[in-house]
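Report on the following structure.
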Amino acid sequence: MAKANTEFPPGPSSKFSPKLLRQLTTDPIRTLSEFNQKYGEIVHFKIGRGHIYLINNPNHIEKILIYNHKNFKKGKRLQTAKRLLGEGLVTSEGSKHDNQRKIIHPLFLPKRITSYGQIVVDKASVMSERWGDGATVDIHKEMMNVTLKIICKSIMNYEIDSEEAAKFSSALEFSKKYFKRLQHPIGHILDHFEILPEVSKSRESIKILDSIVYRLISERKKSKSVIDRVESNLLTGQEDDLLSRLLQAQSSTENNSEDDLEYQKKSQRVGSLVTPNSMTDQQIRDNIITMLIAGHETTSNAITWTYYLVSQFPEIEQKMFEEIDMILLKSEDSGKKVYRNPTVNDLPKFKYIERIFREAMRIYPPVWSIGRLVDEEYVIDKYVIPKGSSIIMSQYVMQHDGRYYDNPDEFNPDRWTDEFKRHLPRFSYFPFGGGIRGCIGESFAWQEGILMMATVSSHWKLELVPNQNIKMDPGITLNPKNGIKMRLRMRSNGEKLH
């Protein structure tokens, strides 16, 4: 609670305004962007009794996310998201978060990420080969579907079929819309009335997601005991996937019998996953749900917005095609092109695609804002931010700031020279967050996005269907509100050389 004599930074009002609440609810990105332009680097406003501070300075953001991170907790949006994500890696705090990150982190080391590259290309190729010349697709739905299959296979070693993927995506889509509604005070009140259709459907959507995940947990437990799997992996050199590692951690907390010593010996040989917190089935569920959602939604949004932008700039699109042809084209005869699939070894060669992807995530960052709750009184410049206040740091706002980007609303991949990147303040570009709570899968997302575009654009030109109302839908991630329809045009009567 702010003291009566607290000096507030500039802002729209030091008192609660229903009009401001409506603006933040209906168009938060525009509202926060206007605050940045009008009031500067530190902005104060009130929502209800809560004091909100918008931080628009990369140095301040760096201190909050890295050097002073222990003074903050996750923001209110992620607190609400616990209804869906539970106490998984994204929403948990303190030792629970640290222990879970230790278990999951090895799945995102460079060697492991490299091993996922072939999965990305394979899934992208299957999707691409299913498309037809002249057909119209919702590119957002296509990308949501294929990236879900990629994350399932990569970190779970699980092949999710198209029917189950569609079921998962549909339940997730409704859950996202509903949890956005929960951010409104009225939404929280209505949530208590399960007789209401929207409330009832939200409960059913979570049950669908849970049924898929709990079935995976049950089947994996039945297939082989965790201790036996540890022993098998020691002998074969095979690395565990996410579910195996979580089950191994669960076994470490349950193993208090005469087998405990034997288990500890095996754990020490592969890197102990022992954690002081019991790893229940609920916690395993929370982590799987979190990784499946976070691991495919951010990337699918990033690729969707990238194709949306590229489709409106023929010169940029043509340069992308030329780079792909230079690297992947094997032969051409009478207009018939034969391509090979890209590999992770090609990634350094796709310099222009990397710039396109980087610039698209500047304009449409997958995660558009980060919130924190102030644990203890915090000082920024001459202002004291009271305990219990909320802090907002917006990737979208910072990445459209004219202090760091000339013509910030212009899609210009060529701005990303090595010199430009060297002189850019660290937190003027942070599409995946940053600090100890930064996205654990950021490197995987970069690899996936570039390989996906190289694979798909070897054969397809994606044309934006005219007369669409393309709108941003800023929930926890930045979705296109109504999807984006694209018409597929085959670049040539090409064949792929696998």
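Labeling convention for the structure tokens: chains A, B, ... as they appear, residues from 1 per chain, ligands from 1 in order of appearance.
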*asked:* For A:Ala294, find every residue with an atom within 10 Å (counting only C-alpha atoms), except residues of its own chain fewer than 5 positions away, and show them as a PyMOL selection string.
replied: chain A and resi 85+90+148+151+288-289+299+439-441+477
Could you save the residues just selected, with all heavy atoms, as a PDB file, in the first residue's frame?
```pdb
ATOM      1  N   LEU A  85      -2.337 -23.660 -15.716  1.00  0.00           N
ATOM      2  CA  LEU A  85      -0.960 -24.178 -15.708  1.00  0.00           C
ATOM      3  C   LEU A  85      -0.559 -24.809 -14.391  1.00  0.00           C
ATOM      4  O   LEU A  85       0.449 -25.519 -14.329  1.00  0.00           O
ATOM      5  CB  LEU A  85       0.019 -23.049 -16.046  1.00  0.00           C
ATOM      6  CG  LEU A  85      -0.189 -22.339 -17.386  1.00  0.00           C
ATOM      7  CD1 LEU A  85       0.826 -21.223 -17.544  1.00  0.00           C
ATOM      8  CD2 LEU A  85      -0.109 -23.316 -18.553  1.00  0.00           C
ATOM      9  N   VAL A  90       6.512 -22.124 -15.380  1.00  0.00           N
ATOM     10  CA  VAL A  90       6.245 -20.717 -15.681  1.00  0.00           C
ATOM     11  C   VAL A  90       5.640 -19.989 -14.496  1.00  0.00           C
ATOM     12  O   VAL A  90       5.954 -18.818 -14.247  1.00  0.00           O
ATOM     13  CB  VAL A  90       5.314 -20.609 -16.915  1.00  0.00           C
ATOM     14  CG1 VAL A  90       4.828 -19.176 -17.108  1.00  0.00           C
ATOM     15  CG2 VAL A  90       6.045 -21.085 -18.170  1.00  0.00           C
ATOM     16  N   LEU A 148       2.699 -28.049 -32.060  1.00  0.00           N
ATOM     17  CA  LEU A 148       2.307 -28.962 -30.976  1.00  0.00           C
ATOM     18  C   LEU A 148       2.889 -30.347 -31.217  1.00  0.00           C
ATOM     19  O   LEU A 148       3.413 -30.989 -30.298  1.00  0.00           O
ATOM     20  CB  LEU A 148       0.785 -29.038 -30.862  1.00  0.00           C
ATOM     21  CG  LEU A 148       0.237 -30.002 -29.809  1.00  0.00           C
ATOM     22  CD1 LEU A 148       0.728 -29.639 -28.411  1.00  0.00           C
ATOM     23  CD2 LEU A 148      -1.294 -30.041 -29.844  1.00  0.00           C
ATOM     24  N   ILE A 151       6.715 -30.197 -30.423  1.00  0.00           N
ATOM     25  CA  ILE A 151       7.110 -30.177 -29.010  1.00  0.00           C
ATOM     26  C   ILE A 151       6.809 -31.514 -28.349  1.00  0.00           C
ATOM     27  O   ILE A 151       7.569 -31.983 -27.500  1.00  0.00           O
ATOM     28  CB  ILE A 151       6.427 -29.006 -28.254  1.00  0.00           C
ATOM     29  CG1 ILE A 151       7.137 -28.743 -26.924  1.00  0.00           C
ATOM     30  CG2 ILE A 151       4.946 -29.259 -28.014  1.00  0.00           C
ATOM     31  CD1 ILE A 151       8.519 -28.196 -27.037  1.00  0.00           C
ATOM     32  N   ILE A 288       4.019 -30.695 -17.584  1.00  0.00           N
ATOM     33  CA  ILE A 288       3.773 -31.131 -18.955  1.00  0.00           C
ATOM     34  C   ILE A 288       2.849 -30.157 -19.669  1.00  0.00           C
ATOM     35  O   ILE A 288       3.113 -29.737 -20.810  1.00  0.00           O
ATOM     36  CB  ILE A 288       3.201 -32.564 -18.981  1.00  0.00           C
ATOM     37  CG1 ILE A 288       4.263 -33.555 -18.518  1.00  0.00           C
ATOM     38  CG2 ILE A 288       2.715 -32.926 -20.389  1.00  0.00           C
ATOM     39  CD1 ILE A 288       3.762 -34.966 -18.381  1.00  0.00           C
ATOM     40  N   ILE A 289       1.752 -29.784 -19.010  1.00  0.00           N
ATOM     41  CA  ILE A 289       0.833 -28.804 -19.597  1.00  0.00           C
ATOM     42  C   ILE A 289       1.570 -27.507 -19.914  1.00  0.00           C
ATOM     43  O   ILE A 289       1.430 -26.933 -20.999  1.00  0.00           O
ATOM     44  CB  ILE A 289      -0.345 -28.514 -18.634  1.00  0.00           C
ATOM     45  CG1 ILE A 289      -1.333 -29.681 -18.611  1.00  0.00           C
ATOM     46  CG2 ILE A 289      -1.054 -27.226 -19.019  1.00  0.00           C
ATOM     47  CD1 ILE A 289      -2.293 -29.735 -19.771  1.00  0.00           C
ATOM     48  N   THR A 299       6.046 -20.090 -30.377  1.00  0.00           N
ATOM     49  CA  THR A 299       6.678 -20.273 -31.682  1.00  0.00           C
ATOM     50  C   THR A 299       5.663 -20.177 -32.813  1.00  0.00           C
ATOM     51  O   THR A 299       5.935 -19.567 -33.849  1.00  0.00           O
ATOM     52  CB  THR A 299       7.398 -21.628 -31.744  1.00  0.00           C
ATOM     53  OG1 THR A 299       8.200 -21.799 -30.578  1.00  0.00           O
ATOM     54  CG2 THR A 299       8.276 -21.720 -32.976  1.00  0.00           C
ATOM     55  N   CYS A 439      12.583 -17.379 -20.856  1.00  0.00           N
ATOM     56  CA  CYS A 439      12.077 -18.581 -21.522  1.00  0.00           C
ATOM     57  C   CYS A 439      13.178 -19.626 -21.654  1.00  0.00           C
ATOM     58  O   CYS A 439      14.204 -19.390 -22.296  1.00  0.00           O
ATOM     59  CB  CYS A 439      11.530 -18.213 -22.898  1.00  0.00           C
ATOM     60  SG  CYS A 439      10.972 -19.633 -23.865  1.00  0.00           S
ATOM     61  N   ILE A 440      12.948 -20.809 -21.080  1.00  0.00           N
ATOM     62  CA  ILE A 440      13.941 -21.876 -21.109  1.00  0.00           C
ATOM     63  C   ILE A 440      14.132 -22.426 -22.519  1.00  0.00           C
ATOM     64  O   ILE A 440      15.169 -22.974 -22.852  1.00  0.00           O
ATOM     65  CB  ILE A 440      13.528 -23.011 -20.134  1.00  0.00           C
ATOM     66  CG1 ILE A 440      14.718 -23.908 -19.820  1.00  0.00           C
ATOM     67  CG2 ILE A 440      12.352 -23.818 -20.673  1.00  0.00           C
ATOM     68  CD1 ILE A 440      14.446 -24.904 -18.698  1.00  0.00           C
ATOM     69  N   GLY A 441      13.132 -22.258 -23.373  1.00  0.00           N
ATOM     70  CA  GLY A 441      13.187 -22.814 -24.724  1.00  0.00           C
ATOM     71  C   GLY A 441      13.483 -21.800 -25.803  1.00  0.00           C
ATOM     72  O   GLY A 441      13.214 -22.055 -26.983  1.00  0.00           O
ATOM     73  N   THR A 477       0.107 -14.533 -24.404  1.00  0.00           N
ATOM     74  CA  THR A 477       0.902 -14.414 -25.626  1.00  0.00           C
ATOM     75  C   THR A 477       0.140 -13.557 -26.629  1.00  0.00           C
ATOM     76  O   THR A 477      -1.040 -13.254 -26.446  1.00  0.00           O
ATOM     77  CB  THR A 477       1.206 -15.793 -26.236  1.00  0.00           C
ATOM     78  OG1 THR A 477      -0.040 -16.460 -26.542  1.00  0.00           O
ATOM     79  CG2 THR A 477       2.006 -16.647 -25.278  1.00  0.00           C
TER      80      THR A 477
END
```
*Write out as a list of chain:residue names which residues come within 12 Å of A:Tyr39 when counting only C-alpha atoms, dropping same-chain ones fewer than 2 positions away.*
A:Phe8, A:Pro9, A:Pro10, A:Gly11, A:Pro12, A:Ser13, A:Thr31, A:Leu32, A:Ser33, A:Glu34, A:Phe35, A:Asn36, A:Gln37, A:Glu41, A:Ile42, A:Val43, A:His44, A:Phe45, A:Tyr53, A:Leu54, A:Ile55, A:Asn56
*Please identify all polymer residues within 8 Å of A:Lys461, counting only C-alpha atoms, omitting same-chain residues fewer than 4 positions from it, and present them as a count of residues only.*
5
*Give the answer as one residue: which of A:Ala165, A:Ile316, A:Leu424, A:Met144 has the shortest atom-to-atom distance to A:Phe357, using only C-alpha atoms?*
A:Ile316
If we count only C-alpha atoms and set the cut-off at 10 Å, which residues sit around A:Ser443, ignoring sequence neighbours fewer than 2 positions away in its own chain? Please answer as a PDB file with N, CA, C and O atoms, in the first residue's frame.
```pdb
ATOM      1  N   PHE A 108      17.061 -28.668 -22.789  1.00  0.00           N
ATOM      2  CA  PHE A 108      17.237 -27.502 -23.643  1.00  0.00           C
ATOM      3  C   PHE A 108      18.690 -27.052 -23.720  1.00  0.00           C
ATOM      4  O   PHE A 108      18.970 -25.901 -24.028  1.00  0.00           O
ATOM      5  N   LEU A 109      19.610 -27.978 -23.430  1.00  0.00           N
ATOM      6  CA  LEU A 109      21.018 -27.707 -23.665  1.00  0.00           C
ATOM      7  C   LEU A 109      21.292 -27.754 -25.172  1.00  0.00           C
ATOM      8  O   LEU A 109      20.544 -28.389 -25.928  1.00  0.00           O
ATOM      9  N   PRO A 110      22.347 -27.072 -25.646  1.00  0.00           N
ATOM     10  CA  PRO A 110      22.588 -26.980 -27.093  1.00  0.00           C
ATOM     11  C   PRO A 110      22.573 -28.309 -27.831  1.00  0.00           C
ATOM     12  O   PRO A 110      21.993 -28.425 -28.923  1.00  0.00           O
ATOM     13  N   ILE A 113      18.963 -29.513 -28.166  1.00  0.00           N
ATOM     14  CA  ILE A 113      18.214 -28.689 -29.109  1.00  0.00           C
ATOM     15  C   ILE A 113      18.588 -29.043 -30.546  1.00  0.00           C
ATOM     16  O   ILE A 113      17.725 -29.155 -31.424  1.00  0.00           O
ATOM     17  N   THR A 114      19.867 -29.248 -30.786  1.00  0.00           N
ATOM     18  CA  THR A 114      20.312 -29.648 -32.117  1.00  0.00           C
ATOM     19  C   THR A 114      19.645 -30.945 -32.558  1.00  0.00           C
ATOM     20  O   THR A 114      19.250 -31.099 -33.722  1.00  0.00           O
ATOM     21  N   PHE A 432      11.458 -12.941 -25.720  1.00  0.00           N
ATOM     22  CA  PHE A 432      11.222 -14.126 -24.891  1.00  0.00           C
ATOM     23  C   PHE A 432      11.460 -13.854 -23.407  1.00  0.00           C
ATOM     24  O   PHE A 432      11.663 -14.777 -22.622  1.00  0.00           O
ATOM     25  N   CYS A 439      12.583 -17.379 -20.856  1.00  0.00           N
ATOM     26  CA  CYS A 439      12.077 -18.581 -21.522  1.00  0.00           C
ATOM     27  C   CYS A 439      13.178 -19.626 -21.654  1.00  0.00           C
ATOM     28  O   CYS A 439      14.204 -19.390 -22.296  1.00  0.00           O
ATOM     29  N   ILE A 440      12.948 -20.809 -21.080  1.00  0.00           N
ATOM     30  CA  ILE A 440      13.941 -21.876 -21.109  1.00  0.00           C
ATOM     31  C   ILE A 440      14.132 -22.426 -22.519  1.00  0.00           C
ATOM     32  O   ILE A 440      15.169 -22.974 -22.852  1.00  0.00           O
ATOM     33  N   GLY A 441      13.132 -22.258 -23.373  1.00  0.00           N
ATOM     34  CA  GLY A 441      13.187 -22.814 -24.724  1.00  0.00           C
ATOM     35  C   GLY A 441      13.483 -21.800 -25.803  1.00  0.00           C
ATOM     36  O   GLY A 441      13.214 -22.055 -26.983  1.00  0.00           O
ATOM     37  N   ALA A 445      13.221 -22.210 -29.894  1.00  0.00           N
ATOM     38  CA  ALA A 445      12.263 -21.442 -30.695  1.00  0.00           C
ATOM     39  C   ALA A 445      12.941 -20.794 -31.898  1.00  0.00           C
ATOM     40  O   ALA A 445      12.384 -20.789 -33.009  1.00  0.00           O
ATOM     41  N   TRP A 446      14.150 -20.249 -31.691  1.00  0.00           N
ATOM     42  CA  TRP A 446      14.888 -19.671 -32.823  1.00  0.00           C
ATOM     43  C   TRP A 446      15.168 -20.729 -33.881  1.00  0.00           C
ATOM     44  O   TRP A 446      14.950 -20.508 -35.080  1.00  0.00           O
ATOM     45  N   GLN A 447      15.666 -21.875 -33.457  1.00  0.00           N
ATOM     46  CA  GLN A 447      15.965 -22.948 -34.396  1.00  0.00           C
ATOM     47  C   GLN A 447      14.709 -23.407 -35.125  1.00  0.00           C
ATOM     48  O   GLN A 447      14.705 -23.582 -36.353  1.00  0.00           O
ATOM     49  N   GLU A 448      13.637 -23.587 -34.372  1.00  0.00           N
ATOM     50  CA  GLU A 448      12.396 -24.087 -34.952  1.00  0.00           C
ATOM     51  C   GLU A 448      11.830 -23.107 -35.982  1.00  0.00           C
ATOM     52  O   GLU A 448      11.398 -23.506 -37.062  1.00  0.00           O
TER      53      GLU A 448
END
```
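Counting only C-alpha atoms, the residue from A:Trp460, A:Tyr396, A:Tyr307, A:Tyr429 that sits nearest to A:Asp138 is A:Tyr307.
Atom CA of A:Ser311 lies 6.0 Å from atom CA of A:Leu464.
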Please identify all polymer residues within 12 Å of A:Ile64, counting only C-alpha atoms, omitting same-chain residues fewer than 2 positions from it, and present them as a PDB file with N, CA and C atoms, in the first residue's frame.
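Saved file selection03.pdb follows:
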```
ATOM      1  N   ILE A  55       7.320   0.366 -16.711  1.00  0.00           N
ATOM      2  CA  ILE A  55       8.750   0.684 -16.825  1.00  0.00           C
ATOM      3  C   ILE A  55       9.155   0.630 -18.291  1.00  0.00           C
ATOM      4  N   ASN A  56       9.654   1.762 -18.808  1.00  0.00           N
ATOM      5  CA  ASN A  56      10.016   1.868 -20.222  1.00  0.00           C
ATOM      6  C   ASN A  56      11.482   2.246 -20.405  1.00  0.00           C
ATOM      7  N   ASN A  57      12.325   1.670 -19.589  1.00  0.00           N
ATOM      8  CA  ASN A  57      13.760   1.941 -19.672  1.00  0.00           C
ATOM      9  C   ASN A  57      14.489   0.608 -19.609  1.00  0.00           C
ATOM     10  N   PRO A  58      15.316   0.277 -20.609  1.00  0.00           N
ATOM     11  CA  PRO A  58      15.958  -1.035 -20.640  1.00  0.00           C
ATOM     12  C   PRO A  58      16.889  -1.302 -19.460  1.00  0.00           C
ATOM     13  N   ASN A  59      17.538  -0.252 -18.933  1.00  0.00           N
ATOM     14  CA  ASN A  59      18.420  -0.448 -17.783  1.00  0.00           C
ATOM     15  C   ASN A  59      17.630  -0.797 -16.524  1.00  0.00           C
ATOM     16  N   HIS A  60      16.496  -0.131 -16.327  1.00  0.00           N
ATOM     17  CA  HIS A  60      15.639  -0.448 -15.190  1.00  0.00           C
ATOM     18  C   HIS A  60      15.085  -1.871 -15.315  1.00  0.00           C
ATOM     19  N   ILE A  61      14.693  -2.228 -16.518  1.00  0.00           N
ATOM     20  CA  ILE A  61      14.146  -3.574 -16.751  1.00  0.00           C
ATOM     21  C   ILE A  61      15.198  -4.638 -16.453  1.00  0.00           C
ATOM     22  N   GLU A  62      16.440  -4.377 -16.865  1.00  0.00           N
ATOM     23  CA  GLU A  62      17.530  -5.319 -16.610  1.00  0.00           C
ATOM     24  C   GLU A  62      17.734  -5.527 -15.112  1.00  0.00           C
ATOM     25  N   ILE A  66      17.042  -9.199 -13.625  1.00  0.00           N
ATOM     26  CA  ILE A  66      18.297  -9.930 -13.395  1.00  0.00           C
ATOM     27  C   ILE A  66      18.887  -9.639 -12.014  1.00  0.00           C
ATOM     28  N   TYR A  67      19.305  -8.422 -11.774  1.00  0.00           N
ATOM     29  CA  TYR A  67      20.096  -8.128 -10.575  1.00  0.00           C
ATOM     30  C   TYR A  67      19.258  -8.108  -9.295  1.00  0.00           C
ATOM     31  N   ASN A  68      18.009  -7.674  -9.395  1.00  0.00           N
ATOM     32  CA  ASN A  68      17.163  -7.566  -8.205  1.00  0.00           C
ATOM     33  C   ASN A  68      15.943  -8.481  -8.287  1.00  0.00           C
ATOM     34  N   HIS A  69      16.046  -9.571  -9.028  1.00  0.00           N
ATOM     35  CA  HIS A  69      14.881 -10.409  -9.313  1.00  0.00           C
ATOM     36  C   HIS A  69      14.267 -11.013  -8.048  1.00  0.00           C
ATOM     37  N   LYS A  70      15.065 -11.191  -6.998  1.00  0.00           N
ATOM     38  CA  LYS A  70      14.542 -11.816  -5.775  1.00  0.00           C
ATOM     39  C   LYS A  70      13.539 -10.920  -5.046  1.00  0.00           C
ATOM     40  N   ASN A  71      13.491  -9.657  -5.435  1.00  0.00           N
ATOM     41  CA  ASN A  71      12.562  -8.728  -4.786  1.00  0.00           C
ATOM     42  C   ASN A  71      11.171  -8.739  -5.427  1.00  0.00           C
ATOM     43  N   PHE A  72      10.979  -9.641  -6.422  1.00  0.00           N
ATOM     44  CA  PHE A  72       9.723  -9.624  -7.167  1.00  0.00           C
ATOM     45  C   PHE A  72       9.148 -11.027  -7.321  1.00  0.00           C
ATOM     46  N   LYS A  73       7.835 -11.064  -7.465  1.00  0.00           N
ATOM     47  CA  LYS A  73       7.130 -12.303  -7.765  1.00  0.00           C
ATOM     48  C   LYS A  73       6.402 -12.156  -9.087  1.00  0.00           C
ATOM     49  N   LYS A  74       5.907 -13.274  -9.603  1.00  0.00           N
ATOM     50  CA  LYS A  74       5.154 -13.260 -10.847  1.00  0.00           C
ATOM     51  C   LYS A  74       3.945 -12.340 -10.724  1.00  0.00           C
ATOM     52  N   ILE A 370       5.516  -8.420 -19.473  1.00  0.00           N
ATOM     53  CA  ILE A 370       5.888  -9.181 -18.284  1.00  0.00           C
ATOM     54  C   ILE A 370       5.416  -8.403 -17.073  1.00  0.00           C
ATOM     55  N   GLY A 371       4.814  -9.089 -16.120  1.00  0.00           N
ATOM     56  CA  GLY A 371       4.364  -8.446 -14.895  1.00  0.00           C
ATOM     57  C   GLY A 371       5.103  -8.980 -13.680  1.00  0.00           C
ATOM     58  N   ARG A 372       5.309  -8.131 -12.705  1.00  0.00           N
ATOM     59  CA  ARG A 372       5.919  -8.527 -11.445  1.00  0.00           C
ATOM     60  C   ARG A 372       5.192  -7.838 -10.284  1.00  0.00           C
ATOM     61  N   LEU A 373       5.132  -8.544  -9.155  1.00  0.00           N
ATOM     62  CA  LEU A 373       4.625  -7.969  -7.914  1.00  0.00           C
ATOM     63  C   LEU A 373       5.805  -7.629  -7.011  1.00  0.00           C
ATOM     64  N   VAL A 374       5.770  -6.466  -6.414  1.00  0.00           N
ATOM     65  CA  VAL A 374       6.883  -5.983  -5.595  1.00  0.00           C
ATOM     66  C   VAL A 374       6.776  -6.592  -4.199  1.00  0.00           C
ATOM     67  N   ASP A 375       7.798  -7.372  -3.831  1.00  0.00           N
ATOM     68  CA  ASP A 375       7.818  -8.041  -2.521  1.00  0.00           C
ATOM     69  C   ASP A 375       8.189  -7.077  -1.398  1.00  0.00           C
ATOM     70  N   TYR A 378      10.826  -0.834  -3.318  1.00  0.00           N
ATOM     71  CA  TYR A 378      11.861  -0.837  -4.355  1.00  0.00           C
ATOM     72  C   TYR A 378      12.048   0.576  -4.901  1.00  0.00           C
ATOM     73  N   VAL A 379      13.311   0.969  -5.092  1.00  0.00           N
ATOM     74  CA  VAL A 379      13.617   2.324  -5.539  1.00  0.00           C
ATOM     75  C   VAL A 379      14.075   2.308  -6.990  1.00  0.00           C
ATOM     76  N   ILE A 380      13.426   3.152  -7.809  1.00  0.00           N
ATOM     77  CA  ILE A 380      13.875   3.394  -9.186  1.00  0.00           C
ATOM     78  C   ILE A 380      14.028   4.898  -9.348  1.00  0.00           C
ATOM     79  N   ILE A 391       4.348  -4.128 -11.273  1.00  0.00           N
ATOM     80  CA  ILE A 391       5.227  -3.554 -12.294  1.00  0.00           C
ATOM     81  C   ILE A 391       4.917  -4.233 -13.632  1.00  0.00           C
ATOM     82  N   ILE A 392       4.826  -3.436 -14.685  1.00  0.00           N
ATOM     83  CA  ILE A 392       4.638  -3.955 -16.037  1.00  0.00           C
ATOM     84  C   ILE A 392       5.831  -3.543 -16.883  1.00  0.00           C
ATOM     85  N   MET A 393       6.388  -4.491 -17.611  1.00  0.00           N
ATOM     86  CA  MET A 393       7.443  -4.226 -18.602  1.00  0.00           C
ATOM     87  C   MET A 393       6.958  -4.838 -19.908  1.00  0.00           C
ATOM     88  N   PHE A 427      17.752  -4.801 -23.026  1.00  0.00           N
ATOM     89  CA  PHE A 427      16.320  -4.990 -22.822  1.00  0.00           C
ATOM     90  C   PHE A 427      15.468  -3.992 -23.609  1.00  0.00           C
ATOM     91  N   GLY A 433      11.433 -12.580 -23.017  1.00  0.00           N
ATOM     92  CA  GLY A 433      11.703 -12.257 -21.618  1.00  0.00           C
ATOM     93  C   GLY A 433      13.195 -12.237 -21.352  1.00  0.00           C
ATOM     94  N   GLY A 434      13.568 -12.460 -20.095  1.00  0.00           N
ATOM     95  CA  GLY A 434      14.986 -12.433 -19.768  1.00  0.00           C
ATOM     96  C   GLY A 434      15.211 -12.678 -18.297  1.00  0.00           C
ATOM     97  N   GLY A 435      16.473 -12.871 -17.940  1.00  0.00           N
ATOM     98  CA  GLY A 435      16.829 -13.117 -16.555  1.00  0.00           C
ATOM     99  C   GLY A 435      16.596 -14.556 -16.154  1.00  0.00           C
ATOM    100  N   ILE A 436      16.601 -14.796 -14.847  1.00  0.00           N
ATOM    101  CA  ILE A 436      16.488 -16.154 -14.330  1.00  0.00           C
ATOM    102  C   ILE A 436      15.146 -16.782 -14.686  1.00  0.00           C
ATOM    103  N   ARG A 437      14.126 -15.942 -14.938  1.00  0.00           N
ATOM    104  CA  ARG A 437      12.813 -16.457 -15.301  1.00  0.00           C
ATOM    105  C   ARG A 437      12.565 -16.362 -16.797  1.00  0.00           C
TER     106      ARG A 437
END
```
*Those of stretch 11-241 of chain A in DSSP strand (DSSP E or B), formatted as number ranges by chain*: A: 42-47, 50-55, 72-74, 136-138
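Residue nearest A:Gly88 within the list A:Asp161, A:Asp286, A:Asp281, A:Asp122: A:Asp286 [criterion: smallest interatomic distance, only C-alpha atoms].
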Under the rule of at most 9 Å, produce a per-residue listing of stretch 344-452 of chain A near stretch 49-52 of chain A: chain, number, name, the closest pair of atoms, and the distance in Å, as a Markdown table, using only C-alpha atoms.
```
| residue | atom | partner | partner_atom | distance |
| --- | --- | --- | --- | --- |
| A:Ile385 | CA | A:His51 | CA | 8.9 |
| A:Pro386 | CA | A:His51 | CA | 8.5 |
| A:Gly388 | CA | A:Gly50 | CA | 8.0 |
| A:Ser389 | CA | A:His51 | CA | 5.1 |
| A:Ser390 | CA | A:Ile52 | CA | 4.8 |
| A:Ile391 | CA | A:Ile52 | CA | 5.8 |
| A:Ile392 | CA | A:Ile52 | CA | 7.3 |
```
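Distances from A:Lys82, A:Lys485, A:Lys123, A:Arg220 to A:Ile206 were compared using only C-alpha atoms, and the smallest one belongs to A:Lys82.
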*Test item, helix (DSSP H, G or I) assignment across stretch 16-167 of chain A, answer as number ranges by chain*: A: 18-26, 28-39, 58-67, 69-71, 76-85, 94-108, 110-115, 117-130, 139-156, 162-167
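For the pair atom CA of A:Met320 and atom CA of A:Arg355, the interatomic distance is 10.0 Å.
For the residues A:Arg181, A:Lys63, A:Arg22, A:Arg112, ranking by smallest atom-to-atom distance to A:Ile47 using only C-alpha atoms places A:Arg22 first.
The space between atom CA of A:Ala360 and atom CA of A:Asn467 spans 21.6 Å.
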_Counting only C-alpha atoms, the option among A:Glu410, A:Leu292, A:Asn479, A:Val199 closest to A:Gln312_ = A:Glu410
